[in-house]
Amino acid sequence: MSRVKHLLGISGGKDSAALAIYMSKNCPELDIEYYTCDTGKELKETYDLIDRLNSVLGKEIVIYKSMDDANSPMKNPFDHFLAIYGGYLPSPMARWCTNKMKLEPFEEHVGDAPTISYVGIRGDENREGYVSKKENIQTIFPFRKNIWSEDVIKKALSNSNLEVISSFYKELSPEVILKNVMQYAEQPISPKFTQRQKLNALIDADVKLFNKVIFEFLKTTDYPVGKLDYFHLVDSEDVIVLDDVFKILEDSGVGVPAYYKPIEYEVEIDGEIKRGTYSRSRSGCFFCFYQQKIEWVWLLEQHPDLFEKAIEYEKEGYTWMAERLEELKKPERVKAIKKEHYLRINREKSKSRTGQSWQDEILQAEGEGCASCFI
Ligand code: SF4
């Protein structure tokens with residue numbers, strides 16, 4: 001029996017929800033614990049999504065607590081930590097919110113047990129998810145062609161492990177591709193053949209073989225995956241992109257979180273009424289500072305009560321972004337933001353041969369932000 005823990009964090013966003021469904025269907029042999037770290041400030045749509053996931057997974061999603069409710073005068077984690085930070089609002093440069101409410105509870109829960117953490121970075125994304133600095137936690141990305149984290153790749157492909165990796169290739173490779181893969185496996189990393197080039201060459205030659213070699217290599221290390229007898233994802237060639245995520249959610253009955261659905265707005269431009277659409281591009285706290293201006297307008301018009309609550313946090317010189325929300329909610333600012341959004345989207349639509357879709361907008365907005373909150 002393996003002692004390895006398998007954890008999958010549900011952020012309330014589409015990708016982690018789809019990953020939970022994907023893993024429960026494709027890797028039923030793994031005893032995965034699904035968890036979420038509640039900030040107390042999510043949109044109702046996020047809580048609804050987690051409820052629906054609970055019934056589809058047939059397993060309770062565990063809540064990792066970041067505070068001791070009994071010993072805090074505050075009713076929820078965000079307000080509890082905000083009081084500790086003296087009202088200092090988090091920002092991209094000082095993201096105490098993620099550390100305190102997501103990463104620390106996760107690492108505390110894991111303790112010292114060897115743990116595999118599954119993260120839903122998609123195959124069409126170019127970012128690395130959160131990888132813990134704790135050596136007993138290994139991150140796996142099942143939606144990507146390269147399921148391994150950067151630290152594993154760096155170690156396995158380093159020149160000091162060249163002979164070990166080459167010997168696994170010789171042992172495991174089918175005869176028909178042996179010559180081809182060995183030219184890459186035996187070639188040291190150098191300015192002319194970078195780690196990235198080597199990785200791509202080996203993966204393109206045969207991704208399953210690459211995964212088998214890495215799996216064997218991990219058995220010679222302390223990485224948690226190396227402690228498993230069998231790891232289903234080694235044999236997977238799936239690459240899951242945005243369309244697949246929406247399909248997984250729809251097919252399962254969980255559905256796409258309601259805030260992604262585009263809603264029509266009107267704006268007058270040069271005396272003419274134009275119709276555009278807006279939505280929210282990500283999960284997370286309703287006041288998240290990663291929001292674009294048009295998403296703040298969406299919040300103002302779709303959830304005016306929450307917008308007012310976000311304003312209440314802006315005091316003593318602390319604001320969510322450079323522009324105060326009291327300024328942003330003025331009708332002339334709302335009109336200007338919609339106009340800028342409408343014109344930008346239409347410029348991008350006319351540049352694209354297929355026309356910009358609401359899913360393209362999500363892809364663009366995803367570039368910036370926090371992998372723990374928005375996946
Ligand atoms: S959603 Fe935004 S505000 Fe909330 S914890 Fe994440 S980064 Fe911080």
# chains A, B, ... in the order shown; residues from 1 in each chain; ligands from 1
call {"tool": "residues_near_ligand", "arguments": {"ligand": "ligand 1", "cutoff": "10 Å", "atoms": "only C-alpha atoms and all ligand atoms", "output": "VMD selection string"}}
result
chain A and resid 11 37 to 42 77 to 78 89 to 92 94 to 102 282 to 291 320 369 to 374
call {"tool": "residues_around", "arguments": {"residues": "stretch 199-215 of chain A", "least_positions_apart": "3", "cutoff": "7 Å", "atoms": "only C-alpha atoms", "output": "JSON list (two decimals) with C-alpha atoms, in the first residue's frame"}}
result
[["chain", "number", "residue", "atom", "x", "y", "z"],
["A", 165, "ILE", "CA", 18.32, 8.84, -18.30],
["A", 168, "PHE", "CA", 16.38, 4.07, -19.02],
["A", 169, "TYR", "CA", 15.80, 5.04, -22.64],
["A", 173, "SER", "CA", 12.46, 2.31, -25.90],
["A", 181, "VAL", "CA", 15.44, 9.13, -29.26],
["A", 184, "TYR", "CA", 18.46, 13.47, -27.99],
["A", 195, "GLN", "CA", 16.95, 22.16, -21.68],
["A", 196, "ARG", "CA", 13.75, 23.32, -23.42],
["A", 218, "LEU", "CA", 11.76, 9.37, -9.99],
["A", 219, "LYS", "CA", 11.96, 5.93, -8.38],
["A", 226, "GLY", "CA", 8.55, 7.62, -7.43],
["A", 234, "VAL", "CA", 2.35, 8.06, -17.44],
["A", 235, "ASP", "CA", 0.28, 6.37, -20.16],
["A", 236, "SER", "CA", -1.82, 9.40, -21.02],
["A", 237, "GLU", "CA", -1.34, 11.46, -24.15]]
call {"tool": "closest_residue", "arguments": {"among": "A:Arg52, A:Arg127, A:Lys5, A:Lys14", "to": "A:Gly253", "atoms": "only C-alpha atoms"}}
result
A:Arg52
call {"tool": "select_by_dssp", "arguments": {"residues": "stretch 73-231 of chain A", "states": "helix (DSSP H, G or I)", "output": "number ranges by chain"}}
result
A: 77-84, 96-110, 150-156, 159-172, 175-185, 195-205, 207-218, 224-227
call {"tool": "write_last_selection", "arguments": {"atoms": "C-alpha atoms", "output": "JSON list (two decimals), in the first residue's frame"}}
result
[["chain", "number", "residue", "atom", "x", "y", "z"],
["A", 77, "PRO", "CA", -10.78, 34.45, 6.74],
["A", 78, "PHE", "CA", -10.26, 37.55, 4.58],
["A", 79, "ASP", "CA", -11.46, 39.98, 7.26],
["A", 80, "HIS", "CA", -9.51, 38.10, 9.90],
["A", 81, "PHE", "CA", -6.20, 38.51, 8.04],
["A", 82, "LEU", "CA", -7.01, 42.05, 6.90],
["A", 83, "ALA", "CA", -7.33, 43.03, 10.57],
["A", 84, "ILE", "CA", -3.95, 41.40, 11.29],
["A", 96, "TRP", "CA", -0.64, 38.15, 1.49],
["A", 97, "CYS", "CA", -4.17, 36.91, 0.77],
["A", 98, "THR", "CA", -3.02, 33.90, -1.27],
["A", 99, "ASN", "CA", -0.25, 33.03, 1.15],
["A", 100, "LYS", "CA", -2.40, 33.23, 4.25],
["A", 101, "MET", "CA", -5.67, 31.79, 2.96],
["A", 102, "LYS", "CA", -4.53, 29.25, 0.35],
["A", 103, "LEU", "CA", -0.87, 28.22, 0.45],
["A", 104, "GLU", "CA", -0.25, 28.07, 4.19],
["A", 105, "PRO", "CA", -3.41, 26.04, 4.99],
["A", 106, "PHE", "CA", -2.51, 23.66, 2.15],
["A", 107, "GLU", "CA", 1.06, 23.12, 3.34],
["A", 108, "GLU", "CA", -0.06, 22.79, 6.93],
["A", 109, "HIS", "CA", -2.60, 20.15, 5.96],
["A", 110, "VAL", "CA", -0.01, 18.19, 4.00],
["A", 150, "GLU", "CA", 9.99, 22.36, -13.93],
["A", 151, "ASP", "CA", 12.06, 21.15, -10.97],
["A", 152, "VAL", "CA", 11.62, 17.50, -12.04],
["A", 153, "ILE", "CA", 12.56, 18.30, -15.64],
["A", 154, "LYS", "CA", 15.57, 20.30, -14.57],
["A", 155, "LYS", "CA", 16.83, 17.47, -12.41],
["A", 156, "ALA", "CA", 16.11, 14.63, -14.84],
["A", 159, "ASN", "CA", 23.94, 16.69, -17.59],
["A", 160, "SER", "CA", 24.82, 15.00, -14.31],
["A", 161, "ASN", "CA", 21.93, 12.57, -14.89],
["A", 162, "LEU", "CA", 22.64, 12.03, -18.59],
["A", 163, "GLU", "CA", 23.83, 8.45, -18.17],
["A", 164, "VAL", "CA", 20.94, 7.43, -15.92],
["A", 165, "ILE", "CA", 18.32, 8.84, -18.30],
["A", 166, "SER", "CA", 20.07, 7.35, -21.33],
["A", 167, "SER", "CA", 20.14, 3.91, -19.73],
["A", 168, "PHE", "CA", 16.38, 4.07, -19.02],
["A", 169, "TYR", "CA", 15.80, 5.04, -22.64],
["A", 170, "LYS", "CA", 17.89, 2.09, -23.85],
["A", 171, "GLU", "CA", 15.94, -0.24, -21.59],
["A", 172, "LEU", "CA", 12.43, 1.05, -22.33],
["A", 175, "GLU", "CA", 13.64, -0.78, -31.19],
["A", 176, "VAL", "CA", 12.00, 1.14, -34.01],
["A", 177, "ILE", "CA", 12.54, 4.58, -32.42],
["A", 178, "LEU", "CA", 15.61, 3.82, -30.33],
["A", 179, "LYS", "CA", 18.13, 5.45, -32.65],
["A", 180, "ASN", "CA", 16.01, 8.57, -32.99],
["A", 181, "VAL", "CA", 15.44, 9.13, -29.26],
["A", 182, "MET", "CA", 18.99, 8.26, -28.25],
["A", 183, "GLN", "CA", 20.39, 11.13, -30.31],
["A", 184, "TYR", "CA", 18.46, 13.47, -27.99],
["A", 185, "ALA", "CA", 18.76, 11.50, -24.76],
["A", 195, "GLN", "CA", 16.95, 22.16, -21.68],
["A", 196, "ARG", "CA", 13.75, 23.32, -23.42],
["A", 197, "GLN", "CA", 14.92, 22.00, -26.80],
["A", 198, "LYS", "CA", 15.88, 18.68, -25.28],
["A", 199, "LEU", "CA", 12.55, 18.41, -23.47],
["A", 200, "ASN", "CA", 10.55, 19.20, -26.61],
["A", 201, "ALA", "CA", 12.60, 16.80, -28.74],
["A", 202, "LEU", "CA", 12.11, 13.92, -26.29],
["A", 203, "ILE", "CA", 8.40, 14.62, -25.79],
["A", 204, "ASP", "CA", 7.79, 14.96, -29.53],
["A", 205, "ALA", "CA", 9.65, 11.71, -30.19],
["A", 207, "VAL", "CA", 5.52, 11.29, -24.94],
["A", 208, "LYS", "CA", 4.56, 7.99, -23.28],
["A", 209, "LEU", "CA", 8.13, 6.76, -23.46],
["A", 210, "PHE", "CA", 9.34, 10.05, -22.00],
["A", 211, "ASN", "CA", 6.87, 9.70, -19.12],
["A", 212, "LYS", "CA", 7.97, 6.12, -18.46],
["A", 213, "VAL", "CA", 11.61, 7.19, -18.34],
["A", 214, "ILE", "CA", 10.84, 10.04, -15.93],
["A", 215, "PHE", "CA", 8.75, 7.68, -13.78],
["A", 216, "GLU", "CA", 11.68, 5.24, -13.56],
["A", 217, "PHE", "CA", 14.04, 8.12, -12.80],
["A", 218, "LEU", "CA", 11.76, 9.37, -9.99],
["A", 224, "PRO", "CA", 6.36, 11.20, -4.18],
["A", 225, "VAL", "CA", 5.49, 9.88, -7.67],
["A", 226, "GLY", "CA", 8.55, 7.62, -7.43],
["A", 227, "LYS", "CA", 6.95, 5.89, -4.43]]
call {"tool": "closest_residue", "arguments": {"among": "A:Ile137, A:Ile337, A:Leu233, A:Ile240", "to": "A:Tyr278", "atoms": "only C-alpha atoms"}}
result
A:Ile337
call {"tool": "select_by_dssp", "arguments": {"residues": "stretch 103-321 of chain A", "states": "strand (DSSP E)", "output": "number ranges by chain"}}
result
A: 115-118, 137-140, 263-269, 272-278
call {"tool": "decode", "arguments": {"residues": "stretch 169-187 of chain A", "atoms": "C-alpha atoms", "output": "PDB file, in the first residue's frame"}}
result
ATOM      1  CA  TYR A 169      15.796   5.041 -22.638  1.00  0.00           C
ATOM      2  CA  LYS A 170      17.892   2.088 -23.852  1.00  0.00           C
ATOM      3  CA  GLU A 171      15.943  -0.240 -21.591  1.00  0.00           C
ATOM      4  CA  LEU A 172      12.429   1.047 -22.329  1.00  0.00           C
ATOM      5  CA  SER A 173      12.456   2.314 -25.898  1.00  0.00           C
ATOM      6  CA  PRO A 174      10.929   0.223 -28.686  1.00  0.00           C
ATOM      7  CA  GLU A 175      13.643  -0.777 -31.192  1.00  0.00           C
ATOM      8  CA  VAL A 176      11.999   1.145 -34.010  1.00  0.00           C
ATOM      9  CA  ILE A 177      12.542   4.577 -32.416  1.00  0.00           C
ATOM     10  CA  LEU A 178      15.612   3.816 -30.327  1.00  0.00           C
ATOM     11  CA  LYS A 179      18.134   5.449 -32.652  1.00  0.00           C
ATOM     12  CA  ASN A 180      16.013   8.574 -32.994  1.00  0.00           C
ATOM     13  CA  VAL A 181      15.441   9.127 -29.257  1.00  0.00           C
ATOM     14  CA  MET A 182      18.993   8.264 -28.250  1.00  0.00           C
ATOM     15  CA  GLN A 183      20.385  11.129 -30.315  1.00  0.00           C
ATOM     16  CA  TYR A 184      18.461  13.472 -27.988  1.00  0.00           C
ATOM     17  CA  ALA A 185      18.762  11.496 -24.758  1.00  0.00           C
ATOM     18  CA  GLU A 186      22.547  11.228 -25.042  1.00  0.00           C
ATOM     19  CA  GLN A 187      23.113  14.824 -26.092  1.00  0.00           C
TER      20      GLN A 187
END
